[in-house]
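J.: Below you will find the structure I want to go over with you.
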Amino acid sequence: MDWHIIIAAAIKVVVFVFLITLPLVAMSVWAERRVSAAMQDRVGPNRVGPFGLLQAVADGIKFLLKEDFTPDHVRKGYFWLAPALTMVPALLTCAVLPFGSQLFGEKMVIADLDVGPLFVFAIASLTVYGIVLAGWSSNSKYPFLGGIRATSQMISYEISLGLSVVPLVMIYGELNLGNIVMQQAQNGWALLPLWGEGLSVKGFLLAIPLFISFIIFTVSMFAETNRLPFDLPECETELVAGYHTEYSSMKFALFFLGEYAAMIIGSGLAVTLFFGGWSLPFGWLTPESADAVVPWWVGLIHIGTFFAKVIAFILFFIVVRWTLPRFRYDQLMRLGWVFFFEIALFNVVLTALLLWGLA
Amino acid sequence: MAKVVERPKLKWWEQLYLPALAQGMRVTLGHLIRNLSGKTKVTMQYPEEKWDEHLPEHYRGAPALVTDEQDRERCVACQLCEFICPPRAITIKPEEIPGDDKWAKVEKRPKAFDIDMIRCIYCGLCEEVCPEQAIFLRKDYAITGTSRAEMVHDKKRLYEIGGKREGLVNKWNELK
C-alpha cells in the first residue's frame, strides 16, 4: 500500500470538504440572508458576532437542539435515509473539482479522475433520490407533490445539463477537469479567450457555442439545485414547504445544507468549466505544464482564486434568487424540453461544424 | 359576464426572458448598492440606538400617577379610570383620609393603585377621564419584567415614574 497517497487524499478531503466547503455553506446561508436583506431595503442578521457572521453557528445550534420529530404516519426507514441522500451526493461531487493547481507537489484535487464531469453528473443526479424518498415516505400530500415535481424537473434538466457540457468536451478533447483547467489557464478561459492560443479567430468563434453552453448550463444548474426561479419542489406558496414539510430539526437542516452544498458544487463546476477554475486571468502565474513544480505561494494564490470565483458565482446565484419570480410548472417543463434540449443539441452540432471548418 | 383579459403578445426578445432578467437585476442591484452605501434609510438598531429624542410630544407610554407642588397625591380614588380602562388593567383600593391629616378635606385617596402593565394597551383613556389630572401617560416605553408580578406597577412605582407635576388643577390648594 502506498500510504502517502491515502494520507494526502485524507488531508485533502478533510481540508477541502470539511474545513472549506461546509463553512462556505454556512457562510453562503448568511450571505443569502444579508444580500436579500440589502436588496429589500432591510438589514438582515447582524446580531450574532461581527456583522452577524456567526448567525450560521447559532442556526446550527438551534437545529441540533430542536426536537427531532418523526411523525407517526411516515415510512421510518426511508424517512431517515432521505436527508442523508441529499447531503452526501452533494459533498461527494467535491471529489473531482480541482480547487487549486499544486501545493507542496500535491495536486489540489481529491480524486484526479479522467471522467470528471461525468462523475459529477452521475453523483449529483443521486440527489433526486433523497428528495423523492422524502416526498414519498412522508405519506403526506404536499411532500408527495414536491417529490414528484423534483423528479420530473431534475430528470428534464439533467439532459440539457449534460448536453451543454458536450461542446466544451469536444473543444478541449478532455474529460479530466484538472487538464481542462490547465488548458484554460494557458489558452484563455472558455468565456474569455484573450491570451495564449485563445487569442485568435478560432478562439473567438469557439467562444460562441461555449457562451450558449454556459447559459444553458447555468440555468440547468439553477433547476438542478432547486433554486429560484425553479424552486417548485419547495414552493412555499403552494406546497407549504414541499418535500421537507414533515421534517424538523437536524433532518431538515441536512436538506437545507444539501441544497446549499449543491449550489456551491454547481458554482465550482461552472467556474471550473467556463471560468478557468483556479487560474488567474491573462495567464499570470500559470505553471508551464501539468507536471511543472509550482511554488507554495503560487499554489495558495490559485486556491484563493478558485474560491474567489466560486464565491462570486454564489453571489450571482443569490442575486438571481431574489430577483426573479417563480416559474409556473408547465413553463418550467416547456423551457427544459422544448427550448434548452433543442438548443443544446443544436449547440453540439454547431460546435462540431466549427471545429470541422476550423481544422 | 366574464371579462376576457387579453394576454399581451410578447415580442420574441421578450419571450427570451433574459432582458427581463437584466431589468430585474437592475432594480434589485440598485437597491443593494443604495443599501450598502448607506443611502437607504433602514430600521433603527434598537438597543444601541434609542428613539427617546425622536419621540413626538403626544407619545403615549406607561401611565403614571403624579403629585402636585405640595407633594399631595392628586388621585382622589374616584375610580373613573378603573371603570373606563378597556383592558381593565387598573385596580384601585380607595381609603378615607383620616381627619387629622393635612389634606382631610380631600376625603379620599387610593390605598393601593395597581396598573397591570401586561394588560395596559396605552390607550390614554385614564388620562383623558381623570377629573383631577392625576394620571398621565409618560414616555417610558421599555416596560419589562421577568415575572407577571413584576409587571404590575403598584402605587409606589407609579409615583416614582410620574414624579411631581405643577400647575393644572388647583382645586385643593390652600394657597388659592
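To be explicit about the labels: the chains of the C-alpha cells are called A, B, and onward in the order shown, and within each one the residues are counted from 1, while ligands get numbers from 1 in the order they are shown.
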At a cut-off of 10 Å, using only C-alpha atoms, what residues contact range 315-323 of chain A? Leave out same-chain residues fewer than 6 positions from it and give the result as a PyMOL selection string.
T.: (chain A and resi 28-29+31-33+35-37+39-40+218+221-222+227-231+263-264+267+309) or (chain B and resi 21-29+32)
J.: Please dump the current selection as a compact mmCIF listing (two decimals), in the first residue's frame; keep N, CA and C atoms.
T.:
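To be explicit, this is the file written out as part-v5.txt:
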# COMPACT_ATOMS: atom_id res chain seq x y z
N SER A 28 -22.62 30.94 3.03
CA SER A 28 -23.50 31.33 1.93
C SER A 28 -24.93 31.50 2.43
N VAL A 29 -25.28 30.75 3.49
CA VAL A 29 -26.60 31.00 4.08
C VAL A 29 -26.65 32.41 4.66
N ALA A 31 -24.72 34.90 3.75
CA ALA A 31 -24.66 35.85 2.64
C ALA A 31 -26.02 35.99 1.98
N GLU A 32 -26.70 34.87 1.85
CA GLU A 32 -28.02 34.90 1.23
C GLU A 32 -28.93 35.83 2.00
N ARG A 33 -28.90 35.69 3.32
CA ARG A 33 -29.81 36.50 4.13
C ARG A 33 -29.42 37.96 4.13
N VAL A 35 -27.61 39.57 1.76
CA VAL A 35 -27.78 40.16 0.43
C VAL A 35 -29.27 40.37 0.15
N SER A 36 -30.08 39.38 0.49
CA SER A 36 -31.51 39.54 0.23
C SER A 36 -32.04 40.71 1.04
N ALA A 37 -31.53 40.85 2.27
CA ALA A 37 -31.97 41.97 3.10
C ALA A 37 -31.60 43.29 2.45
N MET A 39 -31.13 43.87 -0.61
CA MET A 39 -31.89 44.09 -1.83
C MET A 39 -33.32 44.50 -1.52
N GLN A 40 -33.79 44.19 -0.33
CA GLN A 40 -35.15 44.55 0.04
C GLN A 40 -35.18 45.69 1.04
N THR A 218 -25.86 27.13 -16.80
CA THR A 218 -26.21 27.89 -15.59
C THR A 218 -27.68 27.72 -15.24
N MET A 221 -28.38 24.43 -14.00
CA MET A 221 -27.82 24.28 -12.66
C MET A 221 -28.80 24.84 -11.64
N PHE A 222 -29.41 25.98 -11.97
CA PHE A 222 -30.43 26.55 -11.08
C PHE A 222 -31.54 25.53 -10.87
N ARG A 227 -33.11 25.91 -7.01
CA ARG A 227 -33.07 27.30 -6.58
C ARG A 227 -34.11 28.09 -7.35
N LEU A 228 -34.54 29.18 -6.77
CA LEU A 228 -35.40 30.06 -7.52
C LEU A 228 -34.67 30.52 -8.77
N PRO A 229 -35.32 30.72 -9.91
CA PRO A 229 -36.76 30.67 -10.16
C PRO A 229 -37.32 29.27 -10.40
N PHE A 230 -36.56 28.24 -10.05
CA PHE A 230 -37.05 26.89 -10.32
C PHE A 230 -37.26 26.11 -9.03
N ASP A 231 -37.66 26.75 -7.96
CA ASP A 231 -37.75 26.01 -6.70
C ASP A 231 -39.14 25.41 -6.50
N MET A 263 -25.40 23.91 -4.39
CA MET A 263 -25.20 25.20 -5.03
C MET A 263 -23.72 25.53 -5.14
N ILE A 264 -22.98 25.24 -4.07
CA ILE A 264 -21.55 25.54 -4.09
C ILE A 264 -20.83 24.65 -5.10
N SER A 267 -21.58 25.88 -8.49
CA SER A 267 -20.76 27.05 -8.79
C SER A 267 -19.34 26.63 -9.10
N LYS A 309 -13.63 32.99 -7.18
CA LYS A 309 -14.55 32.83 -8.31
C LYS A 309 -15.82 32.12 -7.85
N LEU B 21 -34.71 39.51 -17.09
CA LEU B 21 -33.76 39.20 -16.03
C LEU B 21 -32.84 40.40 -15.78
N ALA B 22 -32.35 40.98 -16.89
CA ALA B 22 -31.45 42.12 -16.75
C ALA B 22 -32.17 43.29 -16.08
N GLN B 23 -33.41 43.53 -16.50
CA GLN B 23 -34.18 44.61 -15.89
C GLN B 23 -34.37 44.39 -14.39
N GLY B 24 -34.76 43.15 -14.08
CA GLY B 24 -34.98 42.82 -12.67
C GLY B 24 -33.72 43.00 -11.86
N MET B 25 -32.61 42.55 -12.42
CA MET B 25 -31.34 42.66 -11.71
C MET B 25 -30.97 44.12 -11.51
N ARG B 26 -31.34 44.97 -12.50
CA ARG B 26 -31.01 46.38 -12.36
C ARG B 26 -31.75 46.95 -11.14
N VAL B 27 -32.98 46.56 -10.98
CA VAL B 27 -33.76 47.05 -9.84
C VAL B 27 -33.16 46.54 -8.53
N THR B 28 -32.98 45.21 -8.45
CA THR B 28 -32.54 44.64 -7.18
C THR B 28 -31.13 45.09 -6.83
N LEU B 29 -30.24 45.12 -7.86
CA LEU B 29 -28.88 45.53 -7.57
C LEU B 29 -28.83 47.01 -7.21
N LEU B 32 -29.61 47.07 -3.72
CA LEU B 32 -28.47 46.52 -2.99
C LEU B 32 -27.40 47.58 -2.80
J.: Please provide as a ChimeraX atom specification all residues within 6 Å of Gly299 in chain A, with the sequence filter that same-chain residues fewer than 5 positions apart are discarded (counting only C-alpha atoms).
T.: /A:101-103
J.: Write the residues of the preceding selection, restricted to C-alpha atoms, as a PDB file, in the first residue's frame.
T.:
ATOM      1  CA  SER A 101      -3.027  23.774  -9.008  1.00  0.00           C
ATOM      2  CA  GLN A 102      -0.455  22.238  -6.695  1.00  0.00           C
ATOM      3  CA  LEU A 103       0.631  22.646  -3.128  1.00  0.00           C
TER       4      LEU A 103
END
J.: Closest to chain A among B:Gln70, B:Gln79, B:Thr91, B:Gln15, using only C-alpha atoms?
T.: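 That would be B:Gln15, the residue with the smallest distance to chain A.
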J.: Quick one: everything within 9 Å of range 36-49 of chain B, counting only C-alpha atoms, minus sequence neighbours fewer than 2 positions away in the same chain. Send it as a list in words.
T.: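 Skipping anything fewer than 2 positions along the chain leaves Ala38, Asp41, Arg42 and Val43 of chain A; His31, Leu32, Ile33, Arg34 and Trp51 of chain B.
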J.: As JSON, numbers by chain, please: the residues near Glu82 in chain B (cut-off 12 Å, only C-alpha atoms, same-chain neighbours under 6 positions excluded).
T.: {"B": [88, 89, 90, 91, 92, 93, 94, 110, 113, 114, 115, 116, 120, 125, 126, 127, 129, 130, 135]}
J.: Just to be explicit: take each residue in the selection above, keep C-alpha atoms, and write the result as a compact mmCIF listing (two decimals), in the first residue's frame.
T.:
# COMPACT_ATOMS: atom_id res chain seq x y z
CA ARG B 88 -59.23 46.52 32.94
CA ALA B 89 -55.62 46.97 33.80
CA ILE B 90 -56.22 49.35 36.70
CA THR B 91 -57.20 48.21 40.19
CA ILE B 92 -57.80 50.80 42.88
CA LYS B 93 -58.47 50.29 46.57
CA PRO B 94 -59.73 53.61 47.98
CA PRO B 110 -56.03 55.42 46.92
CA PHE B 113 -53.26 51.66 42.96
CA ASP B 114 -52.11 48.88 40.65
CA ILE B 115 -51.73 49.01 36.90
CA ASP B 116 -51.09 45.68 35.27
CA CYS B 120 -52.34 48.05 29.60
CA LEU B 125 -58.36 56.90 28.33
CA CYS B 126 -57.38 57.02 32.02
CA GLU B 127 -55.55 60.26 31.42
CA VAL B 129 -61.11 60.69 32.04
CA CYS B 130 -59.25 61.80 35.17
CA ILE B 135 -52.74 60.12 35.94
J.: Within 7 Å of Thr127 in chain A, counting only C-alpha atoms, which residues qualify if same-chain residues fewer than 5 places away don't, as a ChimeraX atom specification?
T.: /A:85-86,89
J.: Just list the residues in range 63-193 of chain A DSSP gives strand (DSSP E or B) on the backbone, as a ChimeraX atom specification.
T.: /A:102-103,106-107,189,192
J.: Against range 46-62 of chain A, which residues of range 217-271 of chain A fall within 10 Å? For each one I want the closest pair of atoms and the distance in Å (one decimal), counting only C-alpha atoms, rows by chain and increasing residue number, as JSON lines.
T.:
{"residue": "A:Ser249", "atom": "CA", "partner": "A:Lys62", "partner_atom": "CA", "distance": 8.0}
{"residue": "A:Met250", "atom": "CA", "partner": "A:Gly60", "partner_atom": "CA", "distance": 8.4}
{"residue": "A:Ala253", "atom": "CA", "partner": "A:Gly60", "partner_atom": "CA", "distance": 8.0}
J.: Just C-alpha atoms for this one: save the residues we selected as a PDB file, in the first residue's frame.
T.:
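Printed below is again01.pdb as written:
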ATOM      1  CA  SER A 249     -34.515  19.667  13.472  1.00  0.00           C
ATOM      2  CA  MET A 250     -31.267  18.281  12.051  1.00  0.00           C
ATOM      3  CA  ALA A 253     -31.014  21.084   8.328  1.00  0.00           C
TER       4      ALA A 253
END
J.: Fewer than 2 positions away in the same chain doesn't count, so skip those; otherwise give me all residues within 9 Å of range 208-214 of chain A, counting only C-alpha atoms, as a ChimeraX atom specification.
T.: /A:161,163-168,190-191,204-206,216-219,270,273-274,343-344,347-348,350-351
J.: Give me, as a ChimeraX atom specification, all polymer residues having an atom no more than 12 Å from Pro63 in chain B, counting only C-alpha atoms and skipping those fewer than 6 positions away in the same chain.
T.: /B:81,85,89-90,113-117,120-128,134-141,143,152-155,157-163
J.: For chain A, which of B:Cys75, B:Lys9, B:Ala2, B:Ala20 is the closest residue, counting only C-alpha atoms?
T.: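 The answer is B:Ala20, which sits nearest to chain A.
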J.: From the options A:Pro143, A:Gly276, A:Gly130, A:Pro45, which residue's atoms come nearest to Met87 in chain A, counting only C-alpha atoms?
T.: A:Gly130
J.: Once DSSP has gone over the backbone, tell me which residues of range 18-143 of chain B are in helix (DSSP H, G or I), as JSON, numbers by chain.
T.: {"B": [18, 19, 20, 21, 22, 23, 24, 25, 26, 27, 28, 29, 30, 31, 32, 33, 34, 35, 36, 52, 53, 54, 80, 81, 82, 83, 84, 104, 105, 106, 125, 126, 127, 128, 129]}
J.: Find, counting only C-alpha atoms, the residue in A:Leu24, A:Leu324, A:Leu358, A:Val15 that gets nearest to chain B.
T.: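 Nearest candidate to chain B out of A:Leu24, A:Leu324, A:Leu358, A:Val15: A:Leu324.
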